[in-house]
>>> print(open('my_file.tsv').read())   # TSV, N, CA and C atoms and all ligand atoms
chain	number	residue	atom	x	y	z
A	11	MET	N	0.84	-1.20	0.00
A	11	MET	CA	0.00	0.00	0.00
A	11	MET	C	0.87	1.25	0.00
A	12	THR	N	0.59	2.14	-0.91
A	12	THR	CA	1.40	3.33	-1.01
A	12	THR	C	0.62	4.56	-0.55
A	13	ASP	N	1.34	5.51	-0.03
A	13	ASP	CA	0.71	6.76	0.38
A	13	ASP	C	0.32	7.57	-0.84
A	14	LYS	N	-0.64	8.43	-0.62
A	14	LYS	CA	-1.08	9.29	-1.71
A	14	LYS	C	-0.10	10.43	-1.92
A	15	LEU	N	0.15	10.73	-3.18
A	15	LEU	CA	1.04	11.83	-3.49
A	15	LEU	C	0.35	13.17	-3.28
A	16	LEU	N	1.04	14.08	-2.63
A	16	LEU	CA	0.51	15.43	-2.49
A	16	LEU	C	0.78	16.21	-3.77
A	17	PRO	N	-0.02	17.24	-4.01
A	17	PRO	CA	0.23	18.08	-5.19
A	17	PRO	C	1.61	18.71	-5.12
A	18	CYS	N	2.13	19.05	-6.29
A	18	CYS	CA	3.43	19.72	-6.36
A	18	CYS	C	3.36	21.04	-5.59
A	19	PRO	N	4.35	21.30	-4.72
A	19	PRO	CA	4.33	22.52	-3.91
A	19	PRO	C	4.60	23.78	-4.73
A	20	PHE	N	5.07	23.62	-5.93
A	20	PHE	CA	5.45	24.78	-6.73
A	20	PHE	C	4.40	25.16	-7.77
A	21	CYS	N	3.77	24.18	-8.37
A	21	CYS	CA	2.83	24.51	-9.44
A	21	CYS	C	1.42	24.01	-9.15
A	22	GLY	N	1.27	23.22	-8.08
A	22	GLY	CA	-0.06	22.75	-7.73
A	22	GLY	C	-0.52	21.54	-8.53
A	23	ASN	N	0.35	21.03	-9.38
A	23	ASN	CA	0.04	19.83	-10.14
A	23	ASN	C	-0.27	18.67	-9.20
A	24	ASP	N	-1.49	18.14	-9.31
A	24	ASP	CA	-1.86	17.08	-8.36
A	24	ASP	C	-1.63	15.69	-8.93
A	25	THR	N	-0.96	15.61	-10.06
A	25	THR	CA	-0.63	14.30	-10.60
A	25	THR	C	0.85	14.21	-10.96
A	26	PRO	N	1.71	14.27	-9.94
A	26	PRO	CA	3.14	14.07	-10.19
A	26	PRO	C	3.38	12.65	-10.71
A	27	THR	N	4.47	12.47	-11.41
A	27	THR	CA	4.77	11.19	-12.02
A	27	THR	C	5.75	10.39	-11.17
A	28	ILE	N	5.43	9.13	-10.97
A	28	ILE	CA	6.36	8.24	-10.28
A	28	ILE	C	7.24	7.58	-11.33
A	29	VAL	N	8.54	7.70	-11.13
A	29	VAL	CA	9.48	7.14	-12.09
A	29	VAL	C	10.31	6.05	-11.42
A	30	ARG	N	10.68	5.07	-12.20
A	30	ARG	CA	11.49	3.97	-11.69
A	30	ARG	C	12.84	3.96	-12.39
A	31	ARG	N	13.88	4.00	-11.60
A	31	ARG	CA	15.23	3.91	-12.14
A	31	ARG	C	15.87	2.67	-11.56
A	32	ALA	N	17.05	2.37	-12.04
A	32	ALA	CA	17.76	1.21	-11.52
A	32	ALA	C	18.03	1.37	-10.03
A	33	GLY	N	17.36	0.58	-9.23
A	33	GLY	CA	17.61	0.60	-7.79
A	33	GLY	C	17.02	1.78	-7.06
A	34	ALA	N	16.20	2.59	-7.74
A	34	ALA	CA	15.63	3.75	-7.07
A	34	ALA	C	14.28	4.12	-7.65
A	35	PHE	N	13.50	4.78	-6.83
A	35	PHE	CA	12.23	5.31	-7.29
A	35	PHE	C	12.28	6.82	-7.15
A	36	GLY	N	11.53	7.48	-7.99
A	36	GLY	CA	11.51	8.94	-7.90
A	36	GLY	C	10.12	9.47	-8.17
A	37	VAL	N	9.91	10.72	-7.78
A	37	VAL	CA	8.68	11.43	-8.11
A	37	VAL	C	9.09	12.72	-8.79
A	38	LYS	N	8.46	13.02	-9.89
A	38	LYS	CA	8.85	14.24	-10.58
A	38	LYS	C	7.64	15.01	-11.07
A	39	CYS	N	7.86	16.30	-11.25
A	39	CYS	CA	6.86	17.17	-11.81
A	39	CYS	C	7.54	18.07	-12.83
A	40	THR	N	6.86	18.37	-13.89
A	40	THR	CA	7.45	19.24	-14.91
A	40	THR	C	6.92	20.66	-14.72
A	41	CYS	N	7.46	21.32	-13.72
A	41	CYS	CA	7.07	22.71	-13.47
A	41	CYS	C	7.71	23.63	-14.50
A	42	ALA	N	6.99	24.64	-14.86
A	42	ALA	CA	7.54	25.70	-15.70
A	42	ALA	C	8.32	25.13	-16.88
A	43	GLY	N	7.71	24.26	-17.62
A	43	GLY	CA	8.32	23.74	-18.83
A	43	GLY	C	9.45	22.78	-18.58
A	44	LYS	N	10.67	23.29	-18.63
A	44	LYS	CA	11.83	22.39	-18.59
A	44	LYS	C	12.28	22.07	-17.18
A	45	ARG	N	11.62	22.66	-16.21
A	45	ARG	CA	12.08	22.48	-14.84
A	45	ARG	C	11.52	21.18	-14.29
A	46	PHE	N	12.39	20.38	-13.75
A	46	PHE	CA	11.96	19.12	-13.17
A	46	PHE	C	12.23	19.11	-11.67
A	47	LEU	N	11.28	18.61	-10.96
A	47	LEU	CA	11.46	18.46	-9.53
A	47	LEU	C	11.49	16.97	-9.22
A	48	HIS	N	12.54	16.53	-8.55
A	48	HIS	CA	12.68	15.11	-8.28
A	48	HIS	C	12.84	14.85	-6.78
A	49	THR	N	12.29	13.76	-6.36
A	49	THR	CA	12.68	13.21	-5.08
A	49	THR	C	12.95	11.73	-5.32
A	50	TYR	N	13.83	11.15	-4.53
A	50	TYR	CA	14.18	9.76	-4.75
A	50	TYR	C	14.17	8.96	-3.46
A	51	GLY	N	13.98	7.67	-3.63
A	51	GLY	CA	14.04	6.77	-2.50
A	51	GLY	C	14.37	5.37	-2.99
A	52	LYS	N	14.75	4.51	-2.08
A	52	LYS	CA	15.08	3.15	-2.46
A	52	LYS	C	13.83	2.35	-2.79
A	53	THR	N	12.72	2.80	-2.22
A	53	THR	CA	11.44	2.16	-2.51
A	53	THR	C	10.45	3.23	-2.95
A	54	GLU	N	9.37	2.78	-3.55
A	54	GLU	CA	8.35	3.73	-4.00
A	54	GLU	C	7.79	4.50	-2.80
A	55	GLU	N	7.59	3.80	-1.69
A	55	GLU	CA	7.05	4.44	-0.49
A	55	GLU	C	7.98	5.53	0.00
A	56	GLU	N	9.29	5.24	-0.07
A	56	GLU	CA	10.27	6.20	0.38
A	56	GLU	C	10.28	7.44	-0.50
A	57	ALA	N	10.16	7.22	-1.78
A	57	ALA	CA	10.14	8.33	-2.73
A	57	ALA	C	8.91	9.20	-2.50
A	58	ILE	N	7.77	8.55	-2.26
A	58	ILE	CA	6.54	9.29	-2.03
A	58	ILE	C	6.60	10.04	-0.71
A	59	ALA	N	7.14	9.40	0.32
A	59	ALA	CA	7.26	10.06	1.61
A	59	ALA	C	8.16	11.29	1.49
A	60	SER	N	9.21	11.16	0.69
A	60	SER	CA	10.12	12.27	0.48
A	60	SER	C	9.44	13.40	-0.27
A	61	TRP	N	8.65	13.02	-1.27
A	61	TRP	CA	7.92	14.02	-2.03
A	61	TRP	C	6.92	14.76	-1.13
A	62	ASN	N	6.26	14.04	-0.27
A	62	ASN	CA	5.23	14.62	0.57
A	62	ASN	C	5.79	15.46	1.71
A	63	MET	N	7.06	15.27	2.00
A	63	MET	CA	7.67	16.00	3.10
A	63	MET	C	7.96	17.43	2.65
A	64	ARG	N	7.46	18.39	3.41
A	64	ARG	CA	7.66	19.80	3.03
A	64	ARG	C	8.39	20.54	4.14
A	65	PRO	N	9.41	21.29	3.76
A	65	PRO	CA	10.09	22.10	4.77
A	65	PRO	C	9.10	23.07	5.38
A	66	GLU	N	9.23	23.29	6.67
A	66	GLU	CA	8.33	24.22	7.33
A	66	GLU	C	8.57	25.63	6.85
A	67	GLY	N	7.53	26.41	6.81
A	67	GLY	CA	7.68	27.80	6.42
A	67	GLY	C	7.41	28.05	4.95
A	68	ILE	N	7.24	26.99	4.18
A	68	ILE	CA	6.92	27.19	2.77
A	68	ILE	C	5.40	27.27	2.63
A	69	PRO	N	4.90	28.40	2.20
A	69	PRO	CA	3.45	28.58	2.10
A	69	PRO	C	2.87	27.77	0.95
A	70	PRO	N	1.58	27.49	1.02
A	70	PRO	CA	0.91	26.76	-0.04
A	70	PRO	C	0.99	27.52	-1.37
A	71	VAL	N	0.81	26.79	-2.44
A	71	VAL	CA	0.92	27.36	-3.78
A	71	VAL	C	0.00	28.56	-3.97
A	72	GLN	N	-1.23	28.43	-3.52
A	72	GLN	CA	-2.20	29.50	-3.71
A	72	GLN	C	-1.72	30.79	-3.06
A	73	GLN	N	-1.10	30.63	-1.91
A	73	GLN	CA	-0.60	31.78	-1.18
A	73	GLN	C	0.54	32.44	-1.93
A	74	LEU	N	1.43	31.64	-2.50
A	74	LEU	CA	2.55	32.16	-3.26
A	74	LEU	C	2.05	32.93	-4.47
A	75	ALA	N	1.04	32.36	-5.13
A	75	ALA	CA	0.53	32.99	-6.34
A	75	ALA	C	-0.11	34.33	-6.05
A	76	GLY	N	-0.65	34.48	-4.85
A	76	GLY	CA	-1.35	35.70	-4.51
A	76	GLY	C	-0.45	36.82	-4.02
A	77	GLN	N	0.81	36.47	-3.75
A	77	GLN	CA	1.71	37.48	-3.23
A	77	GLN	C	2.39	38.24	-4.36
A	78	SER	N	2.75	39.48	-4.09
A	78	SER	CA	3.45	40.25	-5.10
A	78	SER	C	4.72	40.86	-4.51
A	101	ZN	ZN	5.15	21.18	-10.26
>>> encode(input="my_file.tsv", output="structure tokens", more="lines below")
Ligand SMILES: [Zn+2]
Amino acid sequence: MTDKLLPCPFCGNDTPTIVRRAGAFGVKCTCAGKRFLHTYGKTEEEAIASWNMRPEGIPPVQQLAGQS
């Protein structure tokens, strides 16, 4: 059973992609065209947990968009 992926903290994309590499799993989002955001783990669960972990003090996407 895997945890649910949270939306991308930068663009709000709620369907990040889970990628599988040799010996590792990752989660990525294609923010702003060529920009890729990755998190990795040895297992899919680890990668998802890493993706879902957010540093404190980072406001939600909506809040960022509303600031000038
Ligand atoms: Zn994104």
>>> atom_distance(input="my_file.tsv", atom1="atom C of Glu54 in chain A", atom2="atom N of Arg31 in chain A")
10.7 Å
>>> residues_near_ligand(input="my_file.tsv", ligand="ligand ZN 101 (chain A)", cutoff="7 Å", atoms="only C-alpha atoms and all ligand atoms", output="short mmCIF file (atom, residue, chain, number, x, y, z; two decimals) with N, CA and C atoms, in the coordinates of the input")
data_model
loop_
_atom_site.label_atom_id
_atom_site.label_comp_id
_atom_site.auth_asym_id
_atom_site.auth_seq_id
_atom_site.Cartn_x
_atom_site.Cartn_y
_atom_site.Cartn_z
N CYS A 18 2.13 19.05 -6.29
CA CYS A 18 3.43 19.72 -6.36
C CYS A 18 3.36 21.04 -5.59
N PRO A 19 4.35 21.30 -4.72
CA PRO A 19 4.33 22.52 -3.91
C PRO A 19 4.60 23.78 -4.73
N PHE A 20 5.07 23.62 -5.93
CA PHE A 20 5.45 24.78 -6.73
C PHE A 20 4.40 25.16 -7.77
N CYS A 21 3.77 24.18 -8.37
CA CYS A 21 2.83 24.51 -9.44
C CYS A 21 1.42 24.01 -9.15
N GLY A 22 1.27 23.22 -8.08
CA GLY A 22 -0.06 22.75 -7.73
C GLY A 22 -0.52 21.54 -8.53
N ASN A 23 0.35 21.03 -9.38
CA ASN A 23 0.04 19.83 -10.14
C ASN A 23 -0.27 18.67 -9.20
N CYS A 39 7.86 16.30 -11.25
CA CYS A 39 6.86 17.17 -11.81
C CYS A 39 7.54 18.07 -12.83
N THR A 40 6.86 18.37 -13.89
CA THR A 40 7.45 19.24 -14.91
C THR A 40 6.92 20.66 -14.72
N CYS A 41 7.46 21.32 -13.72
CA CYS A 41 7.07 22.71 -13.47
C CYS A 41 7.71 23.63 -14.50
N LEU A 47 11.28 18.61 -10.96
CA LEU A 47 11.46 18.46 -9.53
C LEU A 47 11.49 16.97 -9.22
#
>>> axis_aligned_box(input="my_file.tsv", around="range 32-38 of chain A", padding_each_side="6 Å", output="JSON")
{"center_x": 12.8, "center_y": 7.8, "center_z": -9.4, "size_x": 22.4, "size_y": 26.4, "size_z": 17.2}
>>> residues_near_point(input="my_file.tsv", point="(2.3, 14.1, -8.1)", cutoff="7 Å", atoms="all atoms listed in the file", output="list in words")
Leu15, Leu16, Pro17, Cys18, Asn23, Asp24, Thr25, Pro26, Thr27, Ile28, Val37, Lys38 and Cys39 of chain A
>>> atom_distance(input="my_file.tsv", atom1="CA of Gly33 in chain A", atom2="CA of Lys14 in chain A")
21.5 Å
>>> atom_distance(input="my_file.tsv", atom1="atom N of Tyr50 in chain A", atom2="atom C of Ala34 in chain A")
7.7 Å
